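The structure under discussion appears below in the form of structure tokens.
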Amino acid sequence: MKLKSLMLGAAAAAAATTAQAADLPVAPEPVDYVRVCDAYGARFYYIPGTETCLRVGGRVRTQVVINNVLDDGAWSARDTDGYSWLARGYLYLDARTATEFGTLRAYVSMFGNSTNGDNSGFAMDNAYIQWGGLTAGRLGSNFDIFTGQAFMGVVGRDWSDTTLNQVAYTAAFGNGFSATIALEDRSSRESGTYGGTRMPDVVAALGISQGW
């Protein structure tokens, strides 16, 4: 009888202990905070839950251009604006992931415009993928080499460099030497009396980058 009483008492104590443990607060799950990614330069952060690093950037530009009052009497023409006013906002997204075949990069840059009369528009500037030496998407032509100039005047290019769709492969030989072969959309360079596009342009380029 005493043994049975002891067993019942032990079972009751165990049940009470289990009930008390169940009433204890459960520890919250760890929060995956945004971490700085310094593998690709400044302002990169890991996307929470992934090993992909992302940099988000942007800028805003506004300008007023006064028309030439001596341009064939344009100033006195009733339907000619005496000035043009532009506001433009840019957005840049740069995502990079380390793989066994090299860095996988996806880059997008876009902008929206608002001009006289609140005429608004949107444009895709660049959108491409890079993986190792392979590049595919919309970016500057490999045929163009001009790097810009000190005076641009209005927003937009006044030189021949063209942004177009392409697929290219670049081989790096070390010491700043590289070679590129690319297929590029030629329709971006056609105007006037050109006929239909039958095949893309083939572009080859040699490059050297030195600390001169």
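In the structure tokens, the first chain shown is A, the next is B, and so on; residue numbers restart at 1 for each chain, and ligands run from 1 in the order shown.
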Residues of segment 61-128 of chain A in strand (DSSP E or B), written as a PyMOL selection string: chain A and resi 61-66+83-99+102-115+119-128
Neighbouring residues of segment 203-209 of chain A were defined as those with any atom within 6 Å, considering only C-alpha atoms; residues of the same chain fewer than 6 positions away were excluded. Please report them as number ranges by chain. A: 176-182
Go through A:Glu51, A:Asp81, A:Asp125, A:Glu190 one by one, measure the shortest atom-to-atom distance of each to Leu104 of chain A using only C-alpha atoms, and give the residue with the smallest value.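 Closest to Leu104 of chain A of all the choices is A:Glu51.
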Fewer than 4 positions away in the same chain doesn't count, so skip those; otherwise give me all residues within 7 Å of Arg138 of chain A, counting only C-alpha atoms, as JSON, numbers by chain. {"A": [126, 127, 128, 163, 164, 165, 166]}
Can you work out which one of A:Val60, A:Gly195, A:Gly117, A:Arg78 has the shortest atom-to-atom distance to Leu91 of chain A, counting only C-alpha atoms?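 Of A:Val60, A:Gly195, A:Gly117, A:Arg78, the one nearest Leu91 of chain A is A:Val60, counting only C-alpha atoms.
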Selection near Ile47 of chain A, 10 Å with only C-alpha atoms, sequence-local residues under 5 positions removed, as a PyMOL selection string: chain A and resi 32-37+52-55+95
Save out the residues we just selected, N, CA, C and O atoms, as a compact mmCIF listing (two decimals), in the first residue's frame.
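The new file again.txt reads:
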```txt
# COMPACT_ATOMS: atom_id res chain seq x y z
N ASP A 32 16.31 37.89 -38.52
CA ASP A 32 17.38 37.98 -39.50
C ASP A 32 17.55 39.44 -39.92
O ASP A 32 16.90 39.90 -40.86
N TYR A 33 18.40 40.17 -39.18
CA TYR A 33 18.58 41.58 -39.46
C TYR A 33 19.40 41.77 -40.74
O TYR A 33 20.12 40.88 -41.18
N VAL A 34 19.25 42.94 -41.35
CA VAL A 34 20.03 43.27 -42.55
C VAL A 34 21.50 43.38 -42.17
O VAL A 34 21.86 44.09 -41.24
N ARG A 35 22.34 42.69 -42.94
CA ARG A 35 23.78 42.70 -42.68
C ARG A 35 24.51 43.43 -43.79
O ARG A 35 24.11 43.38 -44.96
N VAL A 36 25.59 44.10 -43.42
CA VAL A 36 26.41 44.80 -44.40
C VAL A 36 27.20 43.77 -45.21
O VAL A 36 27.75 42.81 -44.66
N CYS A 37 27.25 43.95 -46.51
CA CYS A 37 28.03 43.10 -47.41
C CYS A 37 29.18 43.94 -47.97
O CYS A 37 28.96 44.87 -48.74
N THR A 52 22.54 36.96 -51.32
CA THR A 52 22.63 37.95 -52.40
C THR A 52 22.82 39.34 -51.81
O THR A 52 22.10 39.74 -50.89
N CYS A 53 23.79 40.07 -52.35
CA CYS A 53 24.07 41.43 -51.89
C CYS A 53 23.40 42.42 -52.85
O CYS A 53 23.45 42.25 -54.07
N LEU A 54 22.80 43.47 -52.30
CA LEU A 54 22.05 44.44 -53.08
C LEU A 54 22.48 45.85 -52.72
O LEU A 54 22.67 46.18 -51.54
N ARG A 55 22.63 46.67 -53.75
CA ARG A 55 22.87 48.10 -53.53
C ARG A 55 21.77 48.88 -54.24
O ARG A 55 21.50 48.66 -55.42
N ALA A 95 22.41 43.87 -57.88
CA ALA A 95 22.37 42.66 -57.06
C ALA A 95 23.49 41.72 -57.48
O ALA A 95 23.68 41.49 -58.69
```
